[in-house]
$ cat work.cif   # mmCIF, C-alpha atoms
data_coords
loop_
_atom_site.label_atom_id
_atom_site.label_comp_id
_atom_site.auth_asym_id
_atom_site.auth_seq_id
_atom_site.Cartn_x
_atom_site.Cartn_y
_atom_site.Cartn_z
CA MET A 12 0.00 0.00 0.00
CA LYS A 13 2.85 2.40 0.76
CA ILE A 14 4.21 1.96 -2.74
CA SER A 15 0.87 2.84 -4.34
CA PHE A 16 0.63 6.06 -2.26
CA LYS A 17 4.14 7.01 -3.37
CA ILE A 18 3.25 6.35 -7.00
CA PHE A 19 0.00 8.28 -6.61
CA GLY A 20 1.90 11.22 -5.07
CA MET A 21 4.43 11.20 -7.92
CA ILE A 22 1.68 11.11 -10.55
CA ALA A 23 -0.14 13.97 -8.83
CA ALA A 24 3.09 16.01 -8.75
CA VAL A 25 3.70 15.41 -12.47
CA VAL A 26 0.11 16.37 -13.36
CA MET A 27 0.32 19.56 -11.28
CA ALA A 28 3.66 20.50 -12.85
CA ALA A 29 2.18 19.97 -16.32
CA MET A 30 -0.74 22.27 -15.45
CA LEU A 31 1.45 25.22 -14.36
CA PRO A 32 2.10 26.55 -17.90
CA VAL A 33 -1.64 26.37 -18.67
CA ALA A 34 -2.49 28.32 -15.52
CA ALA A 35 0.25 30.87 -16.21
CA SER A 36 -0.95 31.46 -19.77
CA ALA A 37 -4.53 31.94 -18.57
CA LYS A 38 -3.31 34.46 -16.02
CA SER A 39 -1.32 36.45 -18.61
CA LYS A 40 -4.24 36.50 -21.03
CA GLY A 41 -4.34 39.74 -23.01
CA LYS A 42 -6.22 42.83 -21.92
CA ALA A 43 -7.30 45.82 -23.97
CA GLU A 44 -6.36 49.26 -22.69
CA ILE A 45 -7.81 52.53 -23.96
CA LYS A 46 -5.70 55.69 -24.00
CA PHE A 47 -7.09 59.01 -25.25
CA THR A 48 -4.84 61.71 -26.73
CA GLU A 49 -7.02 64.24 -24.87
CA SER A 50 -9.81 63.88 -22.34
CA THR A 51 -11.33 67.38 -22.68
CA TYR A 52 -12.00 69.56 -25.71
CA ASN A 53 -12.87 73.25 -25.45
CA PHE A 54 -14.98 74.62 -28.33
CA GLY A 55 -14.36 78.14 -27.08
CA THR A 56 -17.19 80.55 -27.90
CA ILE A 57 -19.83 79.26 -30.35
CA ALA A 58 -22.97 80.90 -31.74
CA GLU A 59 -26.31 79.46 -30.67
CA ASN A 60 -27.83 79.96 -34.14
CA LYS A 61 -24.96 78.35 -36.15
CA GLY A 62 -26.03 74.76 -35.45
CA THR A 63 -24.24 71.80 -33.97
CA VAL A 64 -20.51 71.53 -33.37
CA SER A 65 -18.49 68.30 -33.25
CA HIS A 66 -15.11 67.07 -32.11
CA GLU A 67 -13.41 63.69 -32.61
CA PHE A 68 -11.54 62.26 -29.63
CA GLU A 69 -8.76 59.97 -30.83
CA PHE A 70 -7.72 56.97 -28.77
CA THR A 71 -5.28 54.08 -29.06
CA ASN A 72 -5.62 50.52 -27.84
CA VAL A 73 -2.34 50.30 -25.91
CA GLY A 74 -3.23 46.86 -24.55
CA ASN A 75 -2.52 43.45 -26.04
CA ALA A 76 -6.07 42.30 -26.85
CA PRO A 77 -8.82 43.67 -29.12
CA LEU A 78 -10.69 46.66 -27.66
CA ILE A 79 -14.48 46.51 -27.89
CA ILE A 80 -16.51 49.60 -27.05
CA VAL A 81 -19.83 48.46 -25.62
CA ASP A 82 -21.50 51.85 -25.25
CA ALA A 83 -20.94 55.60 -25.14
CA THR A 84 -23.53 57.71 -23.35
CA ALA A 85 -23.84 61.45 -22.84
CA GLU A 86 -25.18 63.27 -19.80
CA CYS A 87 -28.03 64.89 -21.74
CA GLY A 88 -29.84 64.92 -25.06
CA CYS A 89 -27.90 67.96 -26.29
CA THR A 90 -24.76 65.83 -26.66
CA THR A 91 -24.49 62.85 -29.02
CA PRO A 92 -21.52 60.44 -29.10
CA GLU A 93 -20.70 58.17 -32.05
CA TYR A 94 -18.26 55.31 -31.48
CA PRO A 95 -16.75 52.45 -33.50
CA THR A 96 -18.56 49.12 -33.22
CA ALA A 97 -15.78 47.01 -34.75
CA PRO A 98 -12.98 45.80 -32.45
CA ILE A 99 -9.89 48.01 -32.31
CA MET A 100 -6.83 45.78 -32.51
CA PRO A 101 -3.78 46.29 -30.23
CA GLY A 102 -1.72 49.30 -31.32
CA LYS A 103 -4.49 50.64 -33.56
CA LYS A 104 -6.36 53.93 -33.24
CA GLY A 105 -10.04 54.80 -33.18
CA LYS A 106 -12.19 57.90 -32.80
CA ILE A 107 -15.25 58.86 -30.81
CA LYS A 108 -17.16 61.76 -32.33
CA VAL A 109 -19.04 63.99 -29.89
CA THR A 110 -21.63 66.44 -31.24
CA TYR A 111 -23.15 69.27 -29.20
CA ASN A 112 -26.36 71.15 -30.06
CA PRO A 113 -26.18 74.70 -28.61
CA TYR A 114 -29.71 75.75 -29.63
CA GLY A 115 -31.63 77.07 -26.60
CA ARG A 116 -28.61 76.68 -24.30
CA PRO A 117 -26.88 80.07 -23.95
CA GLY A 118 -24.00 80.38 -21.50
CA GLY A 119 -21.18 78.12 -20.42
CA PHE A 120 -21.36 74.34 -20.67
CA THR A 121 -19.36 71.26 -19.73
CA LYS A 122 -20.73 67.90 -20.87
CA GLY A 123 -19.34 64.45 -20.18
CA VAL A 124 -19.51 61.25 -22.18
CA THR A 125 -18.99 57.87 -20.52
CA ILE A 126 -17.39 55.12 -22.61
CA ARG A 127 -17.91 51.53 -21.47
CA SER A 128 -15.66 48.84 -22.94
CA ASN A 129 -13.78 45.64 -22.25
CA ALA A 130 -10.66 47.73 -21.67
CA LYS A 131 -8.73 48.89 -18.69
CA PRO A 132 -10.37 51.01 -17.33
CA ARG A 133 -13.85 49.59 -17.97
CA LYS A 134 -15.31 53.11 -17.91
CA ALA A 135 -13.59 56.15 -19.33
CA ARG A 136 -14.86 59.75 -19.45
CA ILE A 137 -14.28 62.48 -22.01
CA TYR A 138 -15.59 66.04 -21.85
CA ILE A 139 -16.55 68.91 -24.11
CA LYS A 140 -16.94 72.47 -22.93
CA GLY A 141 -17.39 75.98 -24.19
CA VAL A 142 -19.59 79.08 -24.10
CA VAL A 143 -22.70 79.58 -26.23
CA ASN A 144 -23.40 83.14 -27.43
CA PRO A 145 -27.19 83.63 -27.48
CA ASN A 146 -29.13 84.57 -30.61
CA LYS A 147 -29.58 88.31 -30.94
#

$ encode --input "work.cif" --output "structure tokens"
Amino acid sequence: MKISFKIFGMIAAVVMAAMLPVAASAKSKGKAEIKFTESTYNFGTIAENKGTVSHEFEFTNVGNAPLIIVDATAECGCTTPEYPTAPIMPGKKGKIKVTYNPYGRPGGFTKGVTIRSNAKPRKARIYIKGVVNPNK
């Protein structure tokens, strides 16, 4: 019986040693990481009656797995984000376009957009700001 326990222990040790590379590779599995070139854009002074204004926020996937943007939401209906739906591969760039409608909103503004993705961090925020000159 002692011999069979020794053999069982040796087999268990060999199996565990064989599983270490599998566990290590699962642990080092790739992760996307989003990095914006800027987090805030200032439109400066814009005219209320000139219509919408837009800015594209450029980002790079600096991680080592494909980046998938799940959603981009604005704080209010005056701000509309557009984001890529295709995966952004590691090292590649993408853009999120943010459009602001100044009509009926004279004065200063700061609006945030929340981006949810599979990246690190899971949620990122970008902002637009400016001052709307009222119609005369």

$ residues_around --input "work.cif" --residues "Phe47 in chain A" --least-positions-apart "6" --cutoff "12 Å" --atoms "only C-alpha atoms" --output "list in words"
Glu67, Phe68, Glu69, Phe70, Thr71, Asn72, Val73, Lys104, Gly105, Lys106, Ile107, Ile126, Pro132, Ala135, Arg136, Ile137 and Tyr138 of chain A

$ atom_distance --input "work.cif" --atom1 "CA of Ile79 in chain A" --atom2 "CA of Gly102 in chain A"
13.5 Å

$ closest_residue --input "work.cif" --among "A:Lys42, A:Arg116, A:Ala85, A:Lys134" --to "Ile57 in chain A" --atoms "only C-alpha atoms"
A:Arg116

$ residues_around --input "work.cif" --residues "Thr96 in chain A" --least-positions-apart "2" --cutoff "7 Å" --atoms "only C-alpha atoms" --output "list in words"
Ile80, Tyr94 and Pro98 of chain A

$ residues_around --input "work.cif" --residues "Gly41 in chain A" --least-positions-apart "6" --cutoff "9 Å" --atoms "only C-alpha atoms" --output "list in words"
Gly74, Asn75, Ala76 and Pro77 of chain A

$ write_last_selection --input "work.cif" --atoms "C-alpha atoms" --output "PDB file, keeping the file's coordinate frame"
ATOM      1  CA  GLY A  74      -3.230  46.860 -24.550  1.00  0.00           C
ATOM      2  CA  ASN A  75      -2.520  43.450 -26.040  1.00  0.00           C
ATOM      3  CA  ALA A  76      -6.070  42.300 -26.850  1.00  0.00           C
ATOM      4  CA  PRO A  77      -8.820  43.670 -29.120  1.00  0.00           C
TER       5      PRO A  77
END

$ axis_aligned_box --input "work.cif" --around "range 54-60 of chain A" --padding-each-side "4 Å" --output "JSON"
{"center_x": -21.1, "center_y": 77.8, "center_z": -30.6, "size_x": 21.5, "size_y": 14.3, "size_z": 15.1}

$ atom_distance --input "work.cif" --atom1 "CA of Ala43 in chain A" --atom2 "CA of Cys87 in chain A"
28.3 Å

$ closest_residue --input "work.cif" --among "A:Lys46, A:His66, A:Lys61, A:Lys40" --to "Pro145 in chain A" --atoms "only C-alpha atoms"
A:Lys61

$ atom_distance --input "work.cif" --atom1 "CA of Glu44 in chain A" --atom2 "CA of Lys131 in chain A"
4.7 Å

$ residues_around --input "work.cif" --residues "range 139-144 of chain A" --least-positions-apart "2" --cutoff "6 Å" --atoms "only C-alpha atoms" --output "VMD selection string"
chain A and resid 51 to 59 117 to 122

$ write_last_selection --input "work.cif" --atoms "C-alpha atoms" --output "short mmCIF file (atom, residue, chain, number, x, y, z; two decimals), in the coordinates of the input"
data_model
loop_
_atom_site.label_atom_id
_atom_site.label_comp_id
_atom_site.auth_asym_id
_atom_site.auth_seq_id
_atom_site.Cartn_x
_atom_site.Cartn_y
_atom_site.Cartn_z
CA THR A 51 -11.33 67.38 -22.68
CA TYR A 52 -12.00 69.56 -25.71
CA ASN A 53 -12.87 73.25 -25.45
CA PHE A 54 -14.98 74.62 -28.33
CA GLY A 55 -14.36 78.14 -27.08
CA THR A 56 -17.19 80.55 -27.90
CA ILE A 57 -19.83 79.26 -30.35
CA ALA A 58 -22.97 80.90 -31.74
CA GLU A 59 -26.31 79.46 -30.67
CA PRO A 117 -26.88 80.07 -23.95
CA GLY A 118 -24.00 80.38 -21.50
CA GLY A 119 -21.18 78.12 -20.42
CA PHE A 120 -21.36 74.34 -20.67
CA THR A 121 -19.36 71.26 -19.73
CA LYS A 122 -20.73 67.90 -20.87
#

$ closest_residue --input "work.cif" --among "A:Glu49, A:Asn146, A:Ser128, A:Arg133" --to "Val81 in chain A" --atoms "all atoms listed in the file"
A:Ser128

$ resolve_selection --input "work.cif" --expression "the PyMOL selection byres ((chain A and resi 88) around 12)" --output "compact mmCIF listing (two decimals) with C-alpha atoms, in the coordinates of the input"
# COMPACT_ATOMS: atom_id res chain seq x y z
CA THR A 84 -23.53 57.71 -23.35
CA ALA A 85 -23.84 61.45 -22.84
CA GLU A 86 -25.18 63.27 -19.80
CA CYS A 87 -28.03 64.89 -21.74
CA CYS A 89 -27.90 67.96 -26.29
CA THR A 90 -24.76 65.83 -26.66
CA THR A 91 -24.49 62.85 -29.02
CA PRO A 92 -21.52 60.44 -29.10
CA VAL A 109 -19.04 63.99 -29.89
CA THR A 110 -21.63 66.44 -31.24
CA TYR A 111 -23.15 69.27 -29.20
CA ASN A 112 -26.36 71.15 -30.06
CA PRO A 113 -26.18 74.70 -28.61
CA TYR A 114 -29.71 75.75 -29.63
CA ARG A 116 -28.61 76.68 -24.30
CA LYS A 122 -20.73 67.90 -20.87
CA GLY A 123 -19.34 64.45 -20.18
CA VAL A 124 -19.51 61.25 -22.18

$ build_atoms --input "work.cif" --residues "range 98-117 of chain A" --atoms "N, CA, C and O atoms" --output "JSON list (two decimals), in the frame of the given file"
[["chain", "number", "residue", "atom", "x", "y", "z"],
["A", 98, "PRO", "N", -14.09, 45.85, -33.40],
["A", 98, "PRO", "CA", -12.98, 45.80, -32.45],
["A", 98, "PRO", "C", -11.77, 46.61, -32.94],
["A", 98, "PRO", "O", -11.48, 46.65, -34.14],
["A", 99, "ILE", "N", -11.10, 47.27, -32.02],
["A", 99, "ILE", "CA", -9.89, 48.01, -32.31],
["A", 99, "ILE", "C", -8.73, 47.11, -31.86],
["A", 99, "ILE", "O", -8.61, 46.79, -30.67],
["A", 100, "MET", "N", -7.91, 46.72, -32.80],
["A", 100, "MET", "CA", -6.83, 45.78, -32.51],
["A", 100, "MET", "C", -5.71, 46.47, -31.71],
["A", 100, "MET", "O", -5.59, 47.70, -31.74],
["A", 101, "PRO", "N", -4.87, 45.70, -31.00],
["A", 101, "PRO", "CA", -3.78, 46.29, -30.23],
["A", 101, "PRO", "C", -2.89, 47.18, -31.11],
["A", 101, "PRO", "O", -2.56, 46.82, -32.24],
["A", 102, "GLY", "N", -2.57, 48.36, -30.60],
["A", 102, "GLY", "CA", -1.72, 49.30, -31.32],
["A", 102, "GLY", "C", -2.46, 50.17, -32.33],
["A", 102, "GLY", "O", -1.89, 51.11, -32.86],
["A", 103, "LYS", "N", -3.71, 49.88, -32.58],
["A", 103, "LYS", "CA", -4.49, 50.64, -33.56],
["A", 103, "LYS", "C", -5.25, 51.77, -32.89],
["A", 103, "LYS", "O", -5.50, 51.76, -31.69],
["A", 104, "LYS", "N", -5.66, 52.74, -33.72],
["A", 104, "LYS", "CA", -6.36, 53.93, -33.24],
["A", 104, "LYS", "C", -7.84, 53.88, -33.63],
["A", 104, "LYS", "O", -8.22, 53.19, -34.56],
["A", 105, "GLY", "N", -8.63, 54.63, -32.89],
["A", 105, "GLY", "CA", -10.04, 54.80, -33.18],
["A", 105, "GLY", "C", -10.45, 56.21, -32.79],
["A", 105, "GLY", "O", -9.66, 56.96, -32.21],
["A", 106, "LYS", "N", -11.69, 56.57, -33.13],
["A", 106, "LYS", "CA", -12.19, 57.90, -32.80],
["A", 106, "LYS", "C", -13.61, 57.81, -32.27],
["A", 106, "LYS", "O", -14.40, 56.98, -32.72],
["A", 107, "ILE", "N", -13.90, 58.68, -31.31],
["A", 107, "ILE", "CA", -15.25, 58.86, -30.81],
["A", 107, "ILE", "C", -15.64, 60.30, -31.13],
["A", 107, "ILE", "O", -14.97, 61.24, -30.69],
["A", 108, "LYS", "N", -16.68, 60.44, -31.93],
["A", 108, "LYS", "CA", -17.16, 61.76, -32.33],
["A", 108, "LYS", "C", -18.23, 62.21, -31.36],
["A", 108, "LYS", "O", -19.19, 61.48, -31.10],
["A", 109, "VAL", "N", -18.07, 63.43, -30.83],
["A", 109, "VAL", "CA", -19.04, 63.99, -29.89],
["A", 109, "VAL", "C", -19.61, 65.26, -30.52],
["A", 109, "VAL", "O", -18.86, 66.17, -30.89],
["A", 110, "THR", "N", -20.94, 65.30, -30.64],
["A", 110, "THR", "CA", -21.63, 66.44, -31.24],
["A", 110, "THR", "C", -22.48, 67.13, -30.18],
["A", 110, "THR", "O", -23.19, 66.46, -29.42],
["A", 111, "TYR", "N", -22.40, 68.46, -30.17],
["A", 111, "TYR", "CA", -23.15, 69.27, -29.20],
["A", 111, "TYR", "C", -24.10, 70.20, -29.95],
["A", 111, "TYR", "O", -23.71, 70.86, -30.92],
["A", 112, "ASN", "N", -25.36, 70.26, -29.49],
["A", 112, "ASN", "CA", -26.36, 71.15, -30.06],
["A", 112, "ASN", "C", -26.55, 72.34, -29.11],
["A", 112, "ASN", "O", -27.14, 72.19, -28.03],
["A", 113, "PRO", "N", -26.10, 73.54, -29.50],
["A", 113, "PRO", "CA", -26.18, 74.70, -28.61],
["A", 113, "PRO", "C", -27.53, 75.41, -28.61],
["A", 113, "PRO", "O", -27.75, 76.31, -27.79],
["A", 114, "TYR", "N", -28.44, 75.02, -29.49],
["A", 114, "TYR", "CA", -29.71, 75.75, -29.63],
["A", 114, "TYR", "C", -30.50, 75.75, -28.32],
["A", 114, "TYR", "O", -30.77, 74.70, -27.73],
["A", 115, "GLY", "N", -30.86, 76.92, -27.84],
["A", 115, "GLY", "CA", -31.63, 77.07, -26.60],
["A", 115, "GLY", "C", -30.81, 76.87, -25.34],
["A", 115, "GLY", "O", -31.37, 76.70, -24.25],
["A", 116, "ARG", "N", -29.47, 76.91, -25.45],
["A", 116, "ARG", "CA", -28.61, 76.68, -24.30],
["A", 116, "ARG", "C", -27.52, 77.75, -24.18],
["A", 116, "ARG", "O", -26.33, 77.43, -24.21],
["A", 117, "PRO", "N", -27.89, 79.03, -24.05],
["A", 117, "PRO", "CA", -26.88, 80.07, -23.95],
["A", 117, "PRO", "C", -26.10, 79.96, -22.63],
["A", 117, "PRO", "O", -26.60, 79.44, -21.65]]
